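**Q** Before we start, here is the structure in question, set down as structure tokens.
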Amino acid sequence: MNALRRLFPLGPLALAALLPLVSSPAPACAPAFRAGASVRIADENVLILWDAATKTQHFIRRTTFQTNARDFGFLVPTPSKPEVKEAPNELFATMDEWTKPEVIFRNVYGPPSGSKFGGGRGMAPMGAAPAPAVRVVDAGRVGNLNFTVLEANNAQALTNWLMDNGYATRPALTEWLERYIEQKWFITAFKIATGGGGLERVADRAVHMAFQTEKPFHPYREPIDMRAPGVGHPPRLMRVFFVGPERVQGRLGLAPGANWSGQPVWADALSAHQRGQLLAKLPLPHEAVPERSWLTVFEDTASPRQGTDEVYFEPTAPAVLHRPPVTQEIYIEDRSGSMGPGGSTASRGPMVLPFAAAIFGSVAMVLSLTVLAWWLSARRA
């Protein structure tokens, strides 16, 4: 049997990161990989589109890693069987463009002082035989990811299935799975293969998971050893775009008063053009995105993650929130004739005026002398 594949957590998106059987020191949140390898999340984007009428959640995410590992993977829990398909990568670039801060341009005379910039098919049991402890209900490939949708009635049996299919496991993972088994959730296991030819940036294709749920949520819970004290936790940024009929706020778990570290940075109603763009990129029925829909953007920089529960979203006051504007300075030549950035002249005005005055003065002097000579000659005559 081939060596077991090592799995790496996708932060709050892939909550069931599997540690290697033989772990090695690692600089970032106990990532799972072969000895001598490294895996780090470079950036992470999530879109949650909530269809309140049908209680359908569309969960789209894309992550970029920096790694030298040959392969790694992650698990995503959902309360019902998901439909898994690919989503366009440019979706997040489009929403970044919608929610970017306003840029205010300001002309500055003189040498530059520095520009200022502001700164995510079921298979029924056959006959009367007892249901297996683990069932594969769907499998396939999206982009560069292989996926398997699993249903289980025993956490240890699911752990064993993962082990038998090339996933390394640990006790913390089995404990993490127990809650989802008790709640009869599905687990989707993803694997990503890389070139393995040295340190490289690896981006998975955007993945679209659609499933039924009573309340929209972000799968944020992590195994307990992912939050262990004394483990290095470098900064991580997770950006969540939430589209629904109302502006929302996030809450860690369902208990009242549980705050989430993610902060809203942008919120506004989608324009008709934006709604059309979204429906064109995600081929969904028009009623999935009502004409009056809100986009709320959250950013979470917590490291380690709170990770004790999922993040649930609920309606809040429909107040518009935009990012603070940023100022970009444009340097042009000042009145003393100094040059702008790069030695180019931003404006020719201060140079043209003195030159024209000199020519005009010379012509006027020549004409005056000519008239004076003519007048003296006429008097002599």
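Here's how to read the names in the structure tokens: chain A, B, ... by the order shown, residue numbers from 1 in each chain, ligand numbers from 1 in the order shown.
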From a backbone DSSP assignment, name each residue in segment 170-281 of chain A labelled strand (DSSP E or B), as number ranges by chain.

**A** A: 186-193, 200-203, 207-212, 217-218, 238-244, 248-252, 259, 263-269

**Q** If we count only C-alpha atoms and set the cut-off at 6 Å, which residues sit around Arg247 of chain A, ignoring sequence neighbours fewer than 6 positions away in its own chain? Please answer as a list of chain:residue names.

**A** A:Trp294, A:Pro315, A:Thr316, A:Pro318

**Q** What's the 6 Å shell around segment 254-264 of chain A, counting only C-alpha atoms, without same-chain residues fewer than 2 positions away, as an MDAnalysis selection string?

**A** chainID A and resid 251:252 266 297:300

**Q** Limited to C-alpha atoms, could you put the picked residues into a file as a PDB file, in the first residue's frame?

**A**
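Result file follows (out-v6.pdb):
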ATOM      1  CA  ARG A 251     -22.280  34.458  15.934  1.00  0.00           C
ATOM      2  CA  LEU A 252     -20.117  31.627  17.247  1.00  0.00           C
ATOM      3  CA  TRP A 266     -18.664  46.094   4.017  1.00  0.00           C
ATOM      4  CA  VAL A 297     -18.395  41.021   3.967  1.00  0.00           C
ATOM      5  CA  PHE A 298     -16.549  39.782   7.077  1.00  0.00           C
ATOM      6  CA  GLU A 299     -12.830  39.495   7.773  1.00  0.00           C
ATOM      7  CA  ASP A 300     -11.440  37.185  10.454  1.00  0.00           C
TER       8      ASP A 300
END
